[in-house]
$ cat run.txt   # compact mmCIF, C-alpha atoms (C1' of nucleotides)
# COMPACT_ATOMS: atom_id res chain seq x y z
CA MET D 22 -28.36 -12.78 -4.54
CA PRO D 23 -27.50 -13.30 -8.21
CA THR D 24 -27.40 -9.55 -8.72
CA VAL D 25 -25.02 -9.20 -5.83
CA THR D 26 -22.80 -11.88 -7.18
CA THR D 27 -22.57 -10.36 -10.63
CA THR D 28 -21.94 -6.85 -9.38
CA GLN D 29 -19.34 -7.99 -6.88
CA HIS D 30 -17.87 -10.01 -9.65
CA LEU D 31 -17.66 -6.98 -11.91
CA VAL D 32 -15.71 -5.02 -9.32
CA ALA D 33 -13.35 -7.96 -8.82
CA LEU D 34 -13.06 -8.38 -12.57
CA LEU D 35 -12.05 -4.77 -13.05
CA GLY D 36 -9.30 -5.24 -10.49
CA SER D 37 -8.07 -8.53 -11.92
CA VAL D 38 -7.94 -7.35 -15.50
CA LYS D 39 -6.12 -4.17 -14.56
CA GLU D 40 -3.55 -6.10 -12.56
CA GLU D 41 -3.09 -8.73 -15.22
CA LEU D 42 -2.52 -6.14 -17.89
CA LEU D 43 0.01 -4.28 -15.80
CA GLU D 44 1.78 -7.50 -14.89
CA GLU D 45 1.92 -8.65 -18.49
CA MET D 46 3.30 -5.25 -19.41
CA TYR D 47 6.10 -5.41 -16.85
CA ARG D 48 6.79 -9.07 -17.62
CA ARG D 49 7.49 -8.21 -21.24
CA VAL D 50 9.58 -5.20 -20.36
CA ALA D 51 11.62 -7.31 -17.93
CA ALA D 52 11.95 -10.07 -20.53
CA ALA D 53 13.44 -7.52 -22.91
CA GLY D 54 16.22 -6.88 -20.40
CA TYR D 55 14.82 -3.92 -18.47
CA GLY D 56 14.47 -5.38 -15.02
CA GLY D 57 13.63 -3.97 -11.60
CA LEU D 58 10.66 -1.91 -12.73
CA ARG D 59 7.43 -2.31 -10.81
CA PRO D 60 3.90 -1.32 -11.80
CA SER D 61 4.02 1.60 -9.38
CA HIS D 62 6.92 3.06 -11.34
CA GLY D 63 4.49 3.68 -14.15
CA CYS D 64 3.60 6.98 -12.54
CA ILE D 65 7.05 8.26 -13.54
CA PHE D 66 7.14 7.11 -17.13
CA ARG D 67 3.54 8.00 -17.84
CA TYR D 68 4.12 11.74 -17.83
CA LEU D 69 7.89 11.92 -18.15
CA ASP D 70 9.11 14.29 -20.84
CA ILE D 71 12.03 13.03 -22.87
CA ASP D 72 13.91 16.23 -22.01
CA GLY D 73 13.10 15.99 -18.32
CA SER D 74 10.23 17.04 -16.11
CA LYS D 75 10.05 18.70 -12.72
CA LEU D 76 9.28 16.37 -9.84
CA SER D 77 6.42 18.52 -8.59
CA ASP D 78 4.75 18.53 -11.97
CA LEU D 79 4.99 14.76 -12.29
CA ALA D 80 3.68 14.28 -8.76
CA GLU D 81 0.72 16.53 -9.39
CA GLN D 82 -0.11 14.90 -12.72
CA SER D 83 -0.14 11.49 -11.13
CA GLY D 84 -2.13 12.70 -8.14
CA MET D 85 0.50 11.83 -5.58
CA SER D 86 2.35 13.70 -2.88
CA LYS D 87 5.79 14.97 -3.80
CA GLN D 88 7.28 12.78 -1.10
CA ALA D 89 5.76 9.57 -2.39
CA PHE D 90 6.69 10.44 -5.92
CA GLY D 91 10.23 11.32 -4.91
CA GLU D 92 10.67 7.86 -3.45
CA HIS D 93 9.72 6.23 -6.74
CA VAL D 94 12.14 8.52 -8.54
CA ALA D 95 14.91 7.48 -6.15
CA ASN D 96 14.19 3.81 -6.90
CA VAL D 97 14.09 4.28 -10.63
CA GLU D 98 17.21 6.42 -10.49
CA ALA D 99 18.99 3.61 -8.61
CA LEU D 100 17.98 1.28 -11.44
CA GLY D 101 19.60 3.64 -13.91
CA TYR D 102 16.54 4.72 -15.86
CA VAL D 103 16.47 8.37 -14.83
CA VAL D 104 18.75 10.92 -13.22
CA ARG D 105 17.89 13.97 -11.15
CA GLN D 106 19.55 17.13 -12.42
CA PRO D 107 19.29 20.67 -11.11
CA ASP D 108 16.94 22.74 -13.21
CA PRO D 109 18.99 25.45 -14.94
CA GLU D 110 15.97 27.75 -14.88
CA ASP D 111 15.00 27.30 -11.23
CA GLY D 112 17.56 26.73 -8.52
CA ARG D 113 15.01 25.09 -6.26
CA ALA D 114 13.80 22.57 -8.77
CA LYS D 115 15.29 19.34 -9.99
CA LEU D 116 14.55 17.81 -13.33
CA VAL D 117 13.85 14.12 -13.64
CA VAL D 118 15.57 13.20 -16.89
CA PRO D 119 15.49 9.79 -18.57
CA THR D 120 18.88 8.22 -19.27
CA ALA D 121 19.56 6.47 -22.57
CA ARG D 122 18.27 3.31 -20.93
CA GLY D 123 15.25 5.20 -19.69
CA ARG D 124 14.45 6.42 -23.18
CA GLU D 125 14.69 2.86 -24.40
CA VAL D 126 12.16 1.82 -21.78
CA LEU D 127 9.83 4.65 -22.75
CA LEU D 128 9.91 3.47 -26.33
CA LEU D 129 9.58 -0.17 -25.40
CA GLY D 130 6.61 0.67 -23.21
CA SER D 131 4.81 2.20 -26.15
CA GLN D 132 5.53 -0.84 -28.25
CA VAL D 133 4.30 -3.27 -25.61
CA PHE D 134 1.10 -1.28 -25.11
CA ALA D 135 0.52 -1.31 -28.84
CA GLU D 136 1.17 -5.04 -28.92
CA LEU D 137 -1.34 -5.70 -26.16
CA GLU D 138 -3.91 -3.53 -27.86
CA ARG D 139 -3.47 -5.54 -31.05
CA GLU D 140 -3.77 -8.83 -29.19
CA TRP D 141 -7.02 -7.86 -27.50
CA ALA D 142 -8.42 -6.69 -30.81
CA GLU D 143 -7.57 -10.07 -32.29
CA ALA D 144 -8.98 -11.96 -29.33
CA VAL D 145 -12.26 -10.16 -28.69
CA GLY D 146 -12.64 -7.77 -31.60
CA GLU D 147 -11.59 -4.19 -32.09
CA ASP D 148 -15.11 -2.88 -31.75
CA ARG D 149 -15.57 -4.58 -28.39
CA VAL D 150 -12.34 -3.16 -26.99
CA ALA D 151 -13.54 0.26 -28.10
CA ALA D 152 -16.94 -0.36 -26.52
CA LEU D 153 -15.22 -1.43 -23.31
CA ARG D 154 -13.35 1.82 -23.16
CA ASP D 155 -16.43 3.88 -23.96
CA THR D 156 -18.57 2.23 -21.33
CA LEU D 157 -15.86 2.55 -18.71
CA GLU D 158 -15.50 6.21 -19.56
CA GLU D 159 -19.20 6.81 -19.15
CA ILE D 160 -19.36 5.05 -15.81
CA HIS D 161 -16.26 6.98 -14.76
CA ALA D 162 -17.94 10.23 -15.76
CA LEU D 163 -21.09 9.23 -13.91
CA GLN D 164 -19.18 8.50 -10.73
CA THR D 165 -17.07 11.63 -10.98
CA ALA D 166 -20.17 13.77 -11.45
CA ARG D 167 -21.88 12.03 -8.55
CA SER D 168 -19.06 12.48 -6.07
CA SER D 169 -18.58 16.14 -6.97
CA SER D 170 -22.30 16.89 -6.67
CA ALA D 171 -22.57 14.93 -3.42
CA ARG D 172 -19.80 17.03 -1.94
CA MET R 20 2.00 7.59 -29.25
CA PRO R 21 -1.79 7.75 -29.59
CA THR R 22 -2.00 3.99 -29.14
CA VAL R 23 0.09 4.19 -26.04
CA THR R 24 -2.08 6.87 -24.64
CA THR R 25 -5.28 4.95 -25.20
CA THR R 26 -3.94 1.70 -23.84
CA GLN R 27 -2.39 3.37 -20.82
CA HIS R 28 -5.62 5.18 -20.42
CA LEU R 29 -7.56 1.93 -20.43
CA VAL R 30 -5.45 0.51 -17.63
CA ALA R 31 -5.88 3.69 -15.62
CA LEU R 32 -9.59 3.67 -16.36
CA LEU R 33 -10.00 0.14 -15.09
CA GLY R 34 -8.35 1.16 -11.84
CA SER R 35 -10.34 4.37 -11.44
CA VAL R 36 -13.69 2.77 -12.11
CA LYS R 37 -13.00 -0.09 -9.73
CA GLU R 38 -11.97 2.29 -6.97
CA GLU R 39 -14.89 4.61 -7.57
CA LEU R 40 -17.36 1.78 -7.40
CA LEU R 41 -15.88 0.45 -4.19
CA GLU R 42 -15.79 3.89 -2.66
CA GLU R 43 -19.38 4.59 -3.61
CA MET R 44 -20.33 1.26 -2.11
CA TYR R 45 -18.67 1.99 1.23
CA ARG R 46 -19.92 5.56 1.21
CA ARG R 47 -23.50 4.34 1.03
CA VAL R 48 -22.95 1.67 3.66
CA ALA R 49 -21.40 4.25 5.99
CA ALA R 50 -24.24 6.69 5.26
CA ALA R 51 -26.70 4.01 6.38
CA GLY R 52 -25.01 3.94 9.77
CA TYR R 53 -22.51 1.13 9.32
CA GLY R 54 -19.25 2.95 9.73
CA GLY R 55 -15.65 1.92 10.04
CA LEU R 56 -15.67 -0.52 7.15
CA ARG R 57 -12.99 -0.19 4.52
CA PRO R 58 -12.86 -1.63 1.01
CA SER R 59 -10.31 -4.19 2.12
CA HIS R 60 -12.86 -5.62 4.55
CA GLY R 61 -14.83 -6.79 1.57
CA CYS R 62 -12.71 -9.95 1.52
CA ILE R 63 -14.49 -11.02 4.72
CA PHE R 64 -18.06 -10.33 3.71
CA ARG R 65 -17.66 -11.61 0.17
CA TYR R 66 -17.44 -15.25 1.18
CA LEU R 67 -18.77 -15.14 4.73
CA ASP R 68 -21.44 -17.70 5.46
CA ILE R 69 -24.32 -16.45 7.58
CA ASP R 70 -23.70 -19.35 9.98
CA GLY R 71 -20.00 -18.72 10.16
CA SER R 72 -16.96 -19.75 8.13
CA LYS R 73 -13.51 -20.96 9.06
CA LEU R 74 -10.78 -18.37 8.82
CA SER R 75 -8.57 -20.60 6.66
CA ASP R 76 -11.34 -21.17 4.17
CA LEU R 77 -12.07 -17.49 3.86
CA ALA R 78 -8.39 -16.67 3.50
CA GLU R 79 -7.95 -19.24 0.76
CA GLN R 80 -11.05 -18.12 -1.11
CA SER R 81 -9.87 -14.55 -1.13
CA GLY R 82 -6.33 -15.54 -2.07
CA MET R 83 -4.71 -14.09 1.01
CA SER R 84 -2.44 -15.42 3.73
CA LYS R 85 -4.18 -16.51 6.91
CA GLN R 86 -2.27 -13.88 8.86
CA ALA R 87 -3.34 -11.01 6.66
CA PHE R 88 -6.89 -12.24 6.68
CA GLY R 89 -6.84 -12.69 10.45
CA GLU R 90 -5.89 -9.06 10.83
CA HIS R 91 -8.91 -7.94 8.85
CA VAL R 92 -11.10 -10.20 10.96
CA ALA R 93 -9.69 -8.62 14.12
CA ASN R 94 -10.54 -5.16 12.78
CA VAL R 95 -14.03 -6.08 11.74
CA GLU R 96 -14.57 -7.88 15.05
CA ALA R 97 -13.53 -4.72 16.89
CA LEU R 98 -16.17 -2.86 14.87
CA GLY R 99 -18.76 -5.37 16.05
CA TYR R 100 -19.67 -6.93 12.72
CA VAL R 101 -18.32 -10.43 13.38
CA VAL R 102 -17.16 -12.55 16.31
CA ARG R 103 -14.67 -15.40 16.41
CA GLN R 104 -16.02 -18.55 18.02
CA PRO R 105 -14.37 -21.91 18.54
CA ASP R 106 -15.51 -24.43 15.95
CA PRO R 107 -17.47 -27.16 17.78
CA GLU R 108 -16.34 -29.68 15.16
CA ASP R 109 -12.64 -28.88 15.17
CA GLY R 110 -10.83 -27.78 18.28
CA ARG R 111 -8.10 -26.05 16.29
CA ALA R 112 -10.42 -24.00 14.16
CA LYS R 113 -12.32 -20.82 14.87
CA LEU R 114 -15.45 -19.77 13.09
CA VAL R 115 -15.90 -16.22 11.90
CA VAL R 116 -19.57 -15.55 12.56
CA PRO R 117 -21.49 -12.40 11.62
CA THR R 118 -23.25 -10.62 14.49
CA ALA R 119 -26.76 -9.23 14.06
CA ARG R 120 -25.14 -6.02 12.87
CA GLY R 121 -22.92 -8.02 10.56
CA ARG R 122 -25.92 -9.73 9.01
CA GLU R 123 -27.49 -6.32 8.47
CA VAL R 124 -24.38 -5.20 6.60
CA LEU R 125 -24.41 -8.35 4.49
CA LEU R 126 -27.97 -7.61 3.45
CA LEU R 127 -27.32 -3.92 2.93
CA GLY R 128 -24.32 -4.78 0.78
CA SER R 129 -26.50 -6.81 -1.55
CA GLN R 130 -28.98 -3.98 -1.78
CA VAL R 131 -26.34 -1.38 -2.56
CA PHE R 132 -24.80 -3.59 -5.24
CA ALA R 133 -28.21 -4.07 -6.80
CA GLU R 134 -28.81 -0.32 -6.65
CA LEU R 135 -25.53 0.42 -8.40
CA GLU R 136 -26.25 -2.17 -11.05
CA ARG R 137 -29.61 -0.53 -11.70
CA GLU R 138 -28.06 2.93 -11.91
CA TRP R 139 -25.46 1.87 -14.47
CA ALA R 140 -28.13 0.19 -16.54
CA GLU R 141 -30.10 3.44 -16.53
CA ALA R 142 -27.06 5.54 -17.33
CA VAL R 143 -25.38 3.55 -20.07
CA GLY R 144 -27.82 0.79 -20.93
CA GLU R 145 -28.25 -2.71 -19.60
CA ASP R 146 -26.81 -4.28 -22.73
CA ARG R 147 -23.66 -2.23 -22.51
CA VAL R 148 -23.08 -3.17 -18.87
CA ALA R 149 -23.50 -6.80 -19.89
CA ALA R 150 -21.11 -6.29 -22.81
CA LEU R 151 -18.60 -4.70 -20.45
CA ARG R 152 -18.69 -7.73 -18.22
CA ASP R 153 -18.40 -10.14 -21.13
CA THR R 154 -15.45 -8.37 -22.68
CA LEU R 155 -13.67 -8.14 -19.35
CA GLU R 156 -14.23 -11.83 -18.77
CA GLU R 157 -12.78 -12.70 -22.15
CA ILE R 158 -9.70 -10.57 -21.64
CA HIS R 159 -9.36 -12.05 -18.16
CA ALA R 160 -9.55 -15.56 -19.62
CA LEU R 161 -7.02 -14.62 -22.28
CA GLN R 162 -4.58 -13.35 -19.68
CA THR R 163 -5.10 -16.28 -17.36
CA ALA R 164 -4.52 -18.72 -20.21
CA ARG R 165 -1.42 -16.83 -21.28
CA SER R 166 0.19 -16.72 -17.86
CA SER R 167 -0.48 -20.42 -17.21
CA SER R 168 0.94 -21.45 -20.57
CA ALA R 169 3.92 -19.14 -20.17
CA ARG R 170 4.68 -20.74 -16.85
C1' DG O 22 18.66 45.96 -1.19
C1' DC O 23 15.90 43.79 2.18
C1' DC O 24 12.06 41.28 3.89
C1' DT O 25 8.14 38.64 3.57
C1' DT O 26 5.78 35.14 1.41
C1' DG O 27 5.51 31.34 -1.64
C1' DT O 28 7.39 27.15 -3.93
C1' DA O 29 10.65 22.84 -4.75
C1' DG O 30 12.33 19.19 -2.65
C1' DT O 31 13.81 16.26 1.36
C1' DC O 32 13.54 14.12 6.03
C1' DA O 33 11.13 11.87 9.61
C1' DG O 34 7.54 9.34 11.11
C1' DG O 35 3.11 6.89 10.56
C1' DC O 36 -0.55 3.98 8.39
C1' DT O 37 -2.62 0.17 5.59
C1' DA O 38 -2.35 -3.96 3.44
C1' DC O 39 -0.07 -7.31 2.44
C1' DC O 40 4.04 -10.92 3.02
C1' DT O 41 7.32 -14.80 5.27
C1' DT O 42 9.19 -17.37 9.08
C1' DA O 43 8.46 -19.45 13.28
C1' DC O 44 5.67 -21.35 16.47
C1' DC O 45 1.81 -23.84 19.30
C1' DA O 46 -2.08 -26.81 19.72
C1' DA O 47 -5.34 -29.91 18.07
C1' DA O 48 -6.26 -33.64 14.69
C1' DC O 49 -5.25 -37.48 12.23
C1' DA O 50 -2.76 -41.40 10.27
C1' DA O 51 0.52 -45.16 10.76
C1' DT A 16 1.73 -43.44 20.47
C1' DT A 17 4.25 -40.99 17.74
C1' DG A 18 5.00 -38.38 13.69
C1' DT A 19 2.86 -35.40 10.37
C1' DT A 20 -0.55 -32.30 8.82
C1' DT A 21 -3.61 -28.50 9.65
C1' DG A 22 -5.76 -24.16 12.06
C1' DG A 23 -4.50 -20.17 13.95
C1' DT A 24 -1.34 -16.70 16.05
C1' DA A 25 3.01 -13.91 16.83
C1' DA A 26 6.74 -11.29 15.18
C1' DG A 27 8.91 -8.81 11.91
C1' DG A 28 9.42 -7.03 7.18
C1' DT A 29 8.12 -4.49 2.77
C1' DA A 30 5.62 -1.50 -0.64
C1' DG A 31 3.17 2.35 -1.31
C1' DC A 32 1.07 5.80 0.17
C1' DC A 33 0.18 9.85 3.73
C1' DT A 34 1.10 14.39 6.87
C1' DG A 35 4.08 17.68 9.23
C1' DA A 36 8.31 19.98 9.67
C1' DC A 37 12.27 21.73 7.58
C1' DT A 38 15.82 23.92 4.11
C1' DA A 39 17.00 26.33 -0.07
C1' DC A 40 15.78 29.22 -3.44
C1' DA A 41 12.46 32.62 -5.91
C1' DA A 42 9.70 36.59 -6.47
C1' DG A 43 7.14 40.67 -5.24
C1' DG A 44 6.55 44.88 -2.39
C1' DC A 45 8.57 48.57 -0.22

$ encode --input "run.txt" --output "structure tokens"
Amino acid sequence: MPTVTTTQHLVALLGSVKEELLEEMYRRVAAAGYGGLRPSHGCIFRYLDIDGSKLSDLAEQSGMSKQAFGEHVANVEALGYVVRQPDPEDGRAKLVVPTARGREVLLLGSQVFAELEREWAEAVGEDRVAALRDTLEEIHALQTARSSSAR
Amino acid sequence: MPTVTTTQHLVALLGSVKEELLEEMYRRVAAAGYGGLRPSHGCIFRYLDIDGSKLSDLAEQSGMSKQAFGEHVANVEALGYVVRQPDPEDGRAKLVVPTARGREVLLLGSQVFAELEREWAEAVGEDRVAALRDTLEEIHALQTARSSSAR
DNA sequence: GCCTTGTAGTCAGGCTACCTTACCAAACAA
DNA sequence: TTGTTTGGTAAGGTAGCCTGACTACAAGGC
């Protein structure tokens, strides 16, 4: 029973912390005047090249279908952070290109992430944040290996 | 840029690990012959009393609306893991009660969680799993404190 | 040059997991 | 007993994904 509780708790904790971090991130971005962005829009900015990226590439990198990704792009385009332009090198493709406002958000995102990183280091210690990442990576590797060998 | 990458990576890592653990959990439960259960059904079993619990209580404990929770209960009832019975002490209320099969899943769930806990301890070390939990709890507390003071 | 096959993106429709609003029935308090 | 609170359901909506079907363009073989 106690083991169950702690393990269940760990899974819940992983979810809570992830959500809280993402929310804090978007809260700060919104507070800086860049509203309308939702956590799910992160998939666009995460891999977006400053000179533009092809939709298919972005979708593949974020592990989503082109359709789902395209919807997010439409939202973010409506908010004025990116535009879709025909790719001059491929008539089929469209480039997702950040606007000036989009580039500002990209930069701001980096700054906020750096800020958060600094705050955790202050709160719990730099070494423990590093250890957190390391342990998570090892468990991730363990699980990935397991599911590929099981299949 | 490198800071961004690592911090972004940490958020992604938290999500991946959580999902992988949940998936592994449900994979093993399904492999043991208890099919049809999805990760979202965890909200029912997590707080379910072996003698039955009121829907409202369960919904509140898992932080969901009664309607959303009721839908999950309907699903899990259709799978034969719980039944809804009128509460003898409150004519308005209904008790969500695990069936024999439901009690088996409750027990199996504990066992699988314990198994996973043991496997991580073997893979990365018991102390590091404990450290992971501690650090996550501190960051969680930090975030919770921040959002309550901000609001 | 044409024709087949492959690739980029969109459209339509569907699913899961939530939500809010509105409601009914039982319980409780004045 | 009457008004208010509480337990649960019904209806409808939204976000975030999916698959299948389609169009437009690209690229290779002949």

$ closest_atom_pairs --input "run.txt" --of "chain D" --to "chain R" --cutoff "8 Å" --atoms "only C-alpha atoms" --output "tab-separated table"
residue	atom	partner	partner_atom	distance
D:Met22	CA	R:Ser129	CA	6.9
D:Thr24	CA	R:Ala133	CA	5.9
D:Val25	CA	R:Ser129	CA	5.1
D:Thr28	CA	R:Phe132	CA	6.0
D:Gln29	CA	R:Phe132	CA	7.2
D:Leu31	CA	R:Arg152	CA	6.4
D:Val32	CA	R:Lys37	CA	5.6
D:Ala33	CA	R:Lys37	CA	7.9
D:Leu34	CA	R:Leu155	CA	6.8
D:Leu35	CA	R:Leu33	CA	5.7
D:Gly36	CA	R:Lys37	CA	6.4
D:Ser37	CA	R:His159	CA	7.3
D:Val38	CA	R:His159	CA	5.6
D:Lys39	CA	R:Val30	CA	5.6
D:Glu41	CA	R:Gln162	CA	6.6
D:Leu42	CA	R:Val30	CA	7.3
D:Leu43	CA	R:Val30	CA	7.5
D:Gly130	CA	R:Val23	CA	7.9
D:Ser131	CA	R:Val23	CA	5.1
D:Gln132	CA	R:Val23	CA	7.7
D:Phe134	CA	R:Val23	CA	5.6
D:Ala135	CA	R:Thr22	CA	5.9
D:Glu138	CA	R:Thr26	CA	6.6
D:Trp141	CA	R:Ile158	CA	7.0
D:Ala144	CA	R:Leu161	CA	7.8
D:Val145	CA	R:Glu157	CA	7.0
D:Arg149	CA	R:Thr154	CA	6.9
D:Val150	CA	R:Thr154	CA	7.4
D:Ala152	CA	R:Leu151	CA	7.6
D:Leu153	CA	R:Leu151	CA	5.5
D:Arg154	CA	R:Leu29	CA	6.4
D:Thr156	CA	R:Arg147	CA	6.9
D:Leu157	CA	R:Leu32	CA	6.8
D:Glu158	CA	R:Leu32	CA	7.2
D:Glu159	CA	R:Val143	CA	7.0
D:Ile160	CA	R:Trp139	CA	7.0
D:His161	CA	R:Val36	CA	5.6
D:Leu163	CA	R:Ala142	CA	7.8
D:Gln164	CA	R:Glu39	CA	6.6

$ residues_around --input "run.txt" --residues "DT17 of chain A" --least-positions-apart "2" --cutoff "12 Å" --atoms "only C-alpha atoms (C1' of nucleotides)" --output "PDB file with C-alpha atoms (C1' of nucleotides), keeping the file's coordinate frame"
ATOM      1  C1'  DC O  49      -5.250 -37.480  12.230  1.00  0.00           C
ATOM      2  C1'  DA O  50      -2.760 -41.400  10.270  1.00  0.00           C
ATOM      3  C1'  DA O  51       0.520 -45.160  10.760  1.00  0.00           C
TER       4       DA O  51
ATOM      5  C1'  DT A  19       2.860 -35.400  10.370  1.00  0.00           C
TER       6       DT A  19
END

$ atom_distance --input "run.txt" --atom1 "atom CA of Lys115 of chain D" --atom2 "atom CA of Arg59 of chain D"
23.0 Å

$ residues_near_point --input "run.txt" --point "(0.7, -25.7, 16.0)" --cutoff "9 Å" --atoms "all atoms listed in the file" --output "list in words"
Arg111 of chain R; DC44, DC45, DA46 and DA47 of chain O; DT21, DG22 and DG23 of chain A

$ write_last_selection --input "run.txt" --atoms "C-alpha atoms (C1' of nucleotides)" --output "mmCIF file, keeping the file's coordinate frame"
data_model
loop_
_atom_site.group_PDB
_atom_site.id
_atom_site.type_symbol
_atom_site.label_atom_id
_atom_site.label_comp_id
_atom_site.auth_asym_id
_atom_site.auth_seq_id
_atom_site.Cartn_x
_atom_site.Cartn_y
_atom_site.Cartn_z
ATOM 1 C CA ARG R 111 -8.100 -26.050 16.290
ATOM 2 C "C1'" DC O 44 5.670 -21.350 16.470
ATOM 3 C "C1'" DC O 45 1.810 -23.840 19.300
ATOM 4 C "C1'" DA O 46 -2.080 -26.810 19.720
ATOM 5 C "C1'" DA O 47 -5.340 -29.910 18.070
ATOM 6 C "C1'" DT A 21 -3.610 -28.500 9.650
ATOM 7 C "C1'" DG A 22 -5.760 -24.160 12.060
ATOM 8 C "C1'" DG A 23 -4.500 -20.170 13.950
#

$ atom_distance --input "run.txt" --atom1 "atom CA of Leu129 of chain D" --atom2 "atom C1' of DT29 of chain A"
28.5 Å

$ atom_distance --input "run.txt" --atom1 "atom CA of Asn94 of chain R" --atom2 "atom C1' of DT42 of chain O"
23.5 Å

$ interface_residues --input "run.txt" --of "chain O" --to "chain D" --cutoff "10 Å" --atoms "only C-alpha atoms (C1' of nucleotides)" --output "list in words"
DT28, DA29, DG30, DT31 and DC32 of chain O

$ interface_residues --input "run.txt" --of "chain A" --to "chain D" --cutoff "10 Å" --atoms "all atoms listed in the file" --output "number ranges by chain"
A: 30-34, 39-41

$ axis_aligned_box --input "run.txt" --around "segment 33-44 of chain A" --padding-each-side "3 Å" --output "JSON"
{"center_x": 8.6, "center_y": 27.4, "center_z": 1.6, "size_x": 22.8, "size_y": 41.0, "size_z": 22.1}

$ residues_near_point --input "run.txt" --point "(13.1, 12.1, 11.0)" --cutoff "12 Å" --atoms "only C-alpha atoms (C1' of nucleotides)" --output "PyMOL selection string"
(chain O and resi 31-35) or (chain A and resi 35-37)

$ residues_around --input "run.txt" --residues "Val103 of chain D" --least-positions-apart "6" --cutoff "10 Å" --atoms "only C-alpha atoms (C1' of nucleotides)" --output "tab-separated table (two decimals) with C-alpha atoms, in the coordinates of the input"
chain	number	residue	atom	x	y	z
D	65	ILE	CA	7.05	8.26	-13.54
D	66	PHE	CA	7.14	7.11	-17.13
D	69	LEU	CA	7.89	11.92	-18.15
D	73	GLY	CA	13.10	15.99	-18.32
D	94	VAL	CA	12.14	8.52	-8.54
D	95	ALA	CA	14.91	7.48	-6.15
D	96	ASN	CA	14.19	3.81	-6.90
D	97	VAL	CA	14.09	4.28	-10.63
D	116	LEU	CA	14.55	17.81	-13.33
D	117	VAL	CA	13.85	14.12	-13.64
D	118	VAL	CA	15.57	13.20	-16.89
D	119	PRO	CA	15.49	9.79	-18.57
D	120	THR	CA	18.88	8.22	-19.27
D	121	ALA	CA	19.56	6.47	-22.57
D	122	ARG	CA	18.27	3.31	-20.93
D	123	GLY	CA	15.25	5.20	-19.69
D	124	ARG	CA	14.45	6.42	-23.18
